[in-house]
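Asks: So that we are looking at the same thing, I have put the structure below in structure tokens.
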Amino acid sequence: MRVSNHRRAGVDDVFGRLDEIRGDLTALYKDLHAHPELSFQEHRTAAEVARRLGDLGFEVTTGVGGTGVVGVLRNGAGPTVLLRADFDALPVLEQTGLDYASRERATSSDGSDVPVMHACGHDMHVTCLLGALDLLVDARSRWSGTVLAVFQPAEEIGAGAQAMLDDGLLERFPRPDVCLGQHVFPFRSGAVGMMTGPSMSAADGLKITMFGRGGHGSQPQNTVDPVVMASATVLRLQTVVSREVAGDDTAVVTVGSIRAGSKENIIPEQAELLVNVRSFDERVRERVLAAVRRIVRAEAVASGADREPEFEQLTRFPLLLNDPDATARTAGALRAALGEKSVVDLPPAMASEDVGLFGTAAGVPTCYWFFGGTDAVRFQEAVAEDAVAERIPANHSPHFAPEVEPTLTTGVKALTTAALEWLD
Ligand SMILES: [Zn+2]
Ligand SMILES: [Zn+2]
């Protein structure tokens, strides 16, 4: 009790600075929200981050793993704490109606013109990390060690963390002793949600091309119809989880896109499926992926295809393992600083993140948590009426709109508190 009171008084002093910078952080958040950038195209965002890190006195390195930015603050002997924020946006047409809504468009990696929106809240992650760094700089007489701030590109395509590691993140900069990060999600704002152990699912994104033999729509007997082939495959894939995964294991197989043909009287040459697989266990993951490949090949054979289907791995996210000891320690600090009721335990999330790659590569613990972005009263009403899914727009929705406060304040405080817990 004495320890936590002491600690609470300590971080409260550190939080005082937040009142001075809240207005600036709010303006930054709205500016980032209005100017989202797609994965590996985050040039404007990276420049803004680099400029602010420089102003705070960090050693700044840009272009790490493409558009990534790394800031280092050395403040005497002690542990190195990696604080991570991702900063890419999504090809989504914003429909929030906010006065700072995005009107941006960009060219996606396949060459198409797409709308862009911060539909996953990474603009909030950047703002909260910059706010936390400001507080840590302000309070530097109270801790010692090194802060390694990692602003990561391309989380949405599961490529940015690996790109930064491949570009020498662990060799060119101080090696971390712990990796910390957070994600805003549709939960009551002001609250932080902790997960421990296997916390976010592994994810595989696959593009599958099935080959038929095209021809005239009036003469199906002279063709191998890839539309029927793909349709049968989609239905059969529904049996992977229901018939091949044990009841006490979990997995998801989703066919998110099916594309074939252009005209009602032409049987096309091929069909394309985009498939998403989620799992919490490497054994289950391998089993599900093998089943998907087997079913796709077998349906091609069943249709009489002349050519084997082709598989392309589009994305691959690791399982996020929150180290139990590191999570317990961080959660204790958050409870002391934010209040017991503001920190809740959450079950594992069927969503994916590449943040875990940093800790895995460095061989050190990761602690990654969620913080709420939805008005608490509105959220509570939706819970009471069992209507959260219908009423509260989730990440990746065109209506996803975290309320700026108290979300921003909570995110800054959580990250600052966690960093201070791990610094000397
Ligand atoms: Zn996302
Ligand atoms: Zn995200």
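To be explicit about the labels: the chains of the structure tokens are called A, B, and onward in the order shown, and within each one the residues are counted from 1, while ligands get numbers from 1 in the order they are shown.
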Just want the residues within 7 Å of ligand 1, written as a list in words, counting only C-alpha atoms and all ligand atoms.

Replies: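 Using only C-alpha atoms and all ligand atoms, I find these residues within 7 Å of ligand 1: Cys120, Glu156, Asn395 and His396 of chain A.
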
Asks: Filtering to all heavy atoms, could you give me those residues as a PDB file, in the first residue's frame?

Replies:
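The result, written out as part01.pdb:
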ATOM      1  N   CYS A 120      -7.502   2.650 -37.840  1.00  0.00           N
ATOM      2  CA  CYS A 120      -7.067   1.729 -36.784  1.00  0.00           C
ATOM      3  C   CYS A 120      -6.496   2.496 -35.600  1.00  0.00           C
ATOM      4  O   CYS A 120      -6.032   1.907 -34.631  1.00  0.00           O
ATOM      5  CB  CYS A 120      -6.054   0.728 -37.325  1.00  0.00           C
ATOM      6  SG  CYS A 120      -5.976  -0.806 -36.374  1.00  0.00           S
ATOM      7  N   GLU A 156      -0.031  -2.505 -40.717  1.00  0.00           N
ATOM      8  CA  GLU A 156      -1.266  -3.078 -41.278  1.00  0.00           C
ATOM      9  C   GLU A 156      -1.000  -4.211 -42.273  1.00  0.00           C
ATOM     10  O   GLU A 156      -1.861  -5.054 -42.485  1.00  0.00           O
ATOM     11  CB  GLU A 156      -2.102  -1.988 -41.963  1.00  0.00           C
ATOM     12  CG  GLU A 156      -2.689  -0.963 -40.993  1.00  0.00           C
ATOM     13  CD  GLU A 156      -3.743  -1.545 -40.060  1.00  0.00           C
ATOM     14  OE1 GLU A 156      -4.116  -2.712 -40.217  1.00  0.00           O
ATOM     15  OE2 GLU A 156      -4.172  -0.811 -39.156  1.00  0.00           O
ATOM     16  N   ASN A 395     -12.123  -0.969 -34.893  1.00  0.00           N
ATOM     17  CA  ASN A 395     -10.972  -0.668 -35.735  1.00  0.00           C
ATOM     18  C   ASN A 395     -11.223  -1.207 -37.152  1.00  0.00           C
ATOM     19  O   ASN A 395     -11.784  -2.274 -37.314  1.00  0.00           O
ATOM     20  CB  ASN A 395      -9.723  -1.345 -35.168  1.00  0.00           C
ATOM     21  CG  ASN A 395      -9.457  -0.925 -33.729  1.00  0.00           C
ATOM     22  OD1 ASN A 395     -10.279  -1.164 -32.861  1.00  0.00           O
ATOM     23  ND2 ASN A 395      -8.335  -0.288 -33.489  1.00  0.00           N
ATOM     24  N   HIS A 396     -10.812  -0.441 -38.131  1.00  0.00           N
ATOM     25  CA  HIS A 396     -10.935  -0.728 -39.564  1.00  0.00           C
ATOM     26  C   HIS A 396     -12.319  -0.360 -40.115  1.00  0.00           C
ATOM     27  O   HIS A 396     -12.554  -0.475 -41.310  1.00  0.00           O
ATOM     28  CB  HIS A 396     -10.586  -2.185 -39.915  1.00  0.00           C
ATOM     29  CG  HIS A 396      -9.131  -2.510 -39.707  1.00  0.00           C
ATOM     30  ND1 HIS A 396      -8.476  -3.512 -40.394  1.00  0.00           N
ATOM     31  CD2 HIS A 396      -8.192  -1.942 -38.907  1.00  0.00           C
ATOM     32  CE1 HIS A 396      -7.206  -3.554 -39.992  1.00  0.00           C
ATOM     33  NE2 HIS A 396      -7.021  -2.610 -39.081  1.00  0.00           N
TER      34      HIS A 396
END

Asks: What does the list of residues within 8 Å of ligand 2 look like if you count only C-alpha atoms and all ligand atoms, written as a list in words?

Replies: Asp86, Cys120, Gly121, His122, Glu155, Glu156, His183, Val184, Glu353 and Asn395 of chain A

Asks: Find the residues near Pro393 in chain A: any atom within 10 Å, counting only C-alpha atoms, skip ones fewer than 3 places away on the same chain, and give them as a ChimeraX atom specification.

Replies: /A:96,119,185-186,374,388-390,396-402

Asks: Between CA of Val147 in chain A and CA of Phe58 in chain A, what is the distance, to one decimal in Å?

Replies: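 For CA of Val147 in chain A relative to CA of Phe58 in chain A, the distance reads 9.2 Å.
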
Asks: From the options A:Gln162, A:Gln219, A:Thr107, A:Gln152, which residue's atoms come nearest to Gly68 in chain A, counting only C-alpha atoms?

Replies: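 For Gly68 in chain A, the nearest of the candidates is A:Gln152.
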
Asks: Give the answer as one residue: which of A:Thr416, A:Gln270, A:Thr315, A:Gln380 has the shortest atom-to-atom distance to Ala333 in chain A, using only C-alpha atoms?

Replies: A:Thr416

Asks: Under the rule that only C-alpha atoms are counted, which of A:Asn276, A:Cys128, A:Met200, A:Ala260 is the nearest residue to Leu289 in chain A?

Replies: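 Selected residue with least distance to Leu289 in chain A: A:Asn276.
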
Asks: Using only C-alpha atoms, can you tell me which of A:Val64, A:Ala203, A:Leu180, A:Met229 comes closest to Thr366 in chain A?

Replies: A:Leu180

Asks: From a backbone DSSP assignment, name each residue in range 208-403 of chain A labelled alpha helix (DSSP H), as a ChimeraX atom specification.

Replies: /A:226-244,282-303,324-338,356-362,376-384,388-391

Asks: Can you write out the residues you just picked, keeping C-alpha atoms, as an mmCIF file, in the first residue's frame?

Replies:
data_model
loop_
_atom_site.group_PDB
_atom_site.id
_atom_site.type_symbol
_atom_site.label_atom_id
_atom_site.label_comp_id
_atom_site.auth_asym_id
_atom_site.auth_seq_id
_atom_site.Cartn_x
_atom_site.Cartn_y
_atom_site.Cartn_z
ATOM 1 C CA PRO A 226 -13.423 -21.527 -62.190
ATOM 2 C CA VAL A 227 -16.469 -19.724 -60.723
ATOM 3 C CA VAL A 228 -18.024 -23.040 -59.677
ATOM 4 C CA MET A 229 -14.612 -24.337 -58.598
ATOM 5 C CA ALA A 230 -14.009 -21.316 -56.364
ATOM 6 C CA SER A 231 -17.550 -21.380 -54.978
ATOM 7 C CA ALA A 232 -17.255 -25.033 -53.951
ATOM 8 C CA THR A 233 -13.881 -24.224 -52.373
ATOM 9 C CA VAL A 234 -15.312 -21.372 -50.300
ATOM 10 C CA LEU A 235 -18.026 -23.649 -48.901
ATOM 11 C CA ARG A 236 -15.671 -26.541 -48.208
ATOM 12 C CA LEU A 237 -13.221 -24.211 -46.436
ATOM 13 C CA GLN A 238 -15.953 -23.607 -43.859
ATOM 14 C CA THR A 239 -15.403 -27.177 -42.644
ATOM 15 C CA VAL A 240 -11.758 -26.601 -41.655
ATOM 16 C CA VAL A 241 -12.536 -24.998 -38.308
ATOM 17 C CA SER A 242 -15.792 -26.869 -37.658
ATOM 18 C CA ARG A 243 -14.447 -30.354 -38.516
ATOM 19 C CA GLU A 244 -10.655 -30.268 -38.209
ATOM 20 C CA GLU A 282 1.681 -22.959 -34.040
ATOM 21 C CA ARG A 283 0.394 -26.541 -34.214
ATOM 22 C CA VAL A 284 -3.160 -25.383 -34.971
ATOM 23 C CA ARG A 285 -1.837 -22.837 -37.455
ATOM 24 C CA GLU A 286 0.090 -25.478 -39.451
ATOM 25 C CA ARG A 287 -2.868 -27.828 -39.391
ATOM 26 C CA VAL A 288 -5.327 -25.196 -40.658
ATOM 27 C CA LEU A 289 -2.987 -23.960 -43.403
ATOM 28 C CA ALA A 290 -2.380 -27.528 -44.562
ATOM 29 C CA ALA A 291 -6.140 -28.147 -44.655
ATOM 30 C CA VAL A 292 -6.710 -24.985 -46.715
ATOM 31 C CA ARG A 293 -4.080 -26.072 -49.268
ATOM 32 C CA ARG A 294 -5.425 -29.617 -49.425
ATOM 33 C CA ILE A 295 -9.027 -28.489 -49.991
ATOM 34 C CA VAL A 296 -8.077 -25.936 -52.655
ATOM 35 C CA ARG A 297 -6.020 -28.526 -54.578
ATOM 36 C CA ALA A 298 -8.711 -31.177 -54.223
ATOM 37 C CA GLU A 299 -11.474 -28.882 -55.468
ATOM 38 C CA ALA A 300 -9.357 -28.039 -58.523
ATOM 39 C CA VAL A 301 -8.961 -31.753 -59.207
ATOM 40 C CA ALA A 302 -12.685 -32.318 -58.625
ATOM 41 C CA SER A 303 -13.456 -29.685 -61.256
ATOM 42 C CA PRO A 324 3.430 -13.012 -17.859
ATOM 43 C CA ASP A 325 5.968 -11.537 -15.396
ATOM 44 C CA ALA A 326 6.514 -8.360 -17.409
ATOM 45 C CA THR A 327 2.760 -7.964 -17.830
ATOM 46 C CA ALA A 328 2.095 -8.417 -14.096
ATOM 47 C CA ARG A 329 4.775 -5.832 -13.274
ATOM 48 C CA THR A 330 3.497 -3.316 -15.843
ATOM 49 C CA ALA A 331 -0.142 -3.858 -14.835
ATOM 50 C CA GLY A 332 0.778 -3.209 -11.188
ATOM 51 C CA ALA A 333 2.362 0.118 -12.114
ATOM 52 C CA LEU A 334 -0.647 1.076 -14.267
ATOM 53 C CA ARG A 335 -3.080 0.205 -11.458
ATOM 54 C CA ALA A 336 -1.114 2.359 -9.029
ATOM 55 C CA ALA A 337 -0.971 5.296 -11.445
ATOM 56 C CA LEU A 338 -4.383 5.183 -13.155
ATOM 57 C CA GLY A 356 5.956 -9.062 -30.865
ATOM 58 C CA LEU A 357 8.755 -9.449 -33.415
ATOM 59 C CA PHE A 358 10.907 -6.846 -31.611
ATOM 60 C CA GLY A 359 10.928 -8.703 -28.285
ATOM 61 C CA THR A 360 11.312 -12.092 -29.960
ATOM 62 C CA ALA A 361 14.287 -10.892 -32.027
ATOM 63 C CA ALA A 362 15.947 -9.271 -29.008
ATOM 64 C CA ALA A 376 -17.700 5.425 -21.318
ATOM 65 C CA VAL A 377 -21.465 6.023 -20.993
ATOM 66 C CA ARG A 378 -22.146 5.038 -24.577
ATOM 67 C CA PHE A 379 -20.016 1.945 -24.149
ATOM 68 C CA GLN A 380 -21.733 0.943 -20.897
ATOM 69 C CA GLU A 381 -25.173 1.317 -22.503
ATOM 70 C CA ALA A 382 -24.140 -0.843 -25.429
ATOM 71 C CA VAL A 383 -22.801 -3.506 -23.045
ATOM 72 C CA ALA A 384 -26.021 -3.441 -21.001
ATOM 73 C CA VAL A 388 -21.485 -3.476 -28.654
ATOM 74 C CA ALA A 389 -20.816 -5.053 -32.057
ATOM 75 C CA GLU A 390 -23.720 -3.189 -33.716
ATOM 76 C CA ARG A 391 -23.302 0.191 -32.048
#

Asks: Can you list, as a VMD selection string, every protein, DNA or RNA residue that comes within 12 Å of Asp55 in chain A when you count only C-alpha atoms, leaving out same-chain residues fewer than 5 positions away?

Replies: chain A and resid 48 to 50 60 71 130 133 to 134 137

Asks: Using DSSP on the backbone, list every residue of range 179-234 of chain A that comes out as strand (DSSP E), and give them as a ChimeraX atom specification.

Replies: /A:179-188,192-194,197-200,202-211,215-216
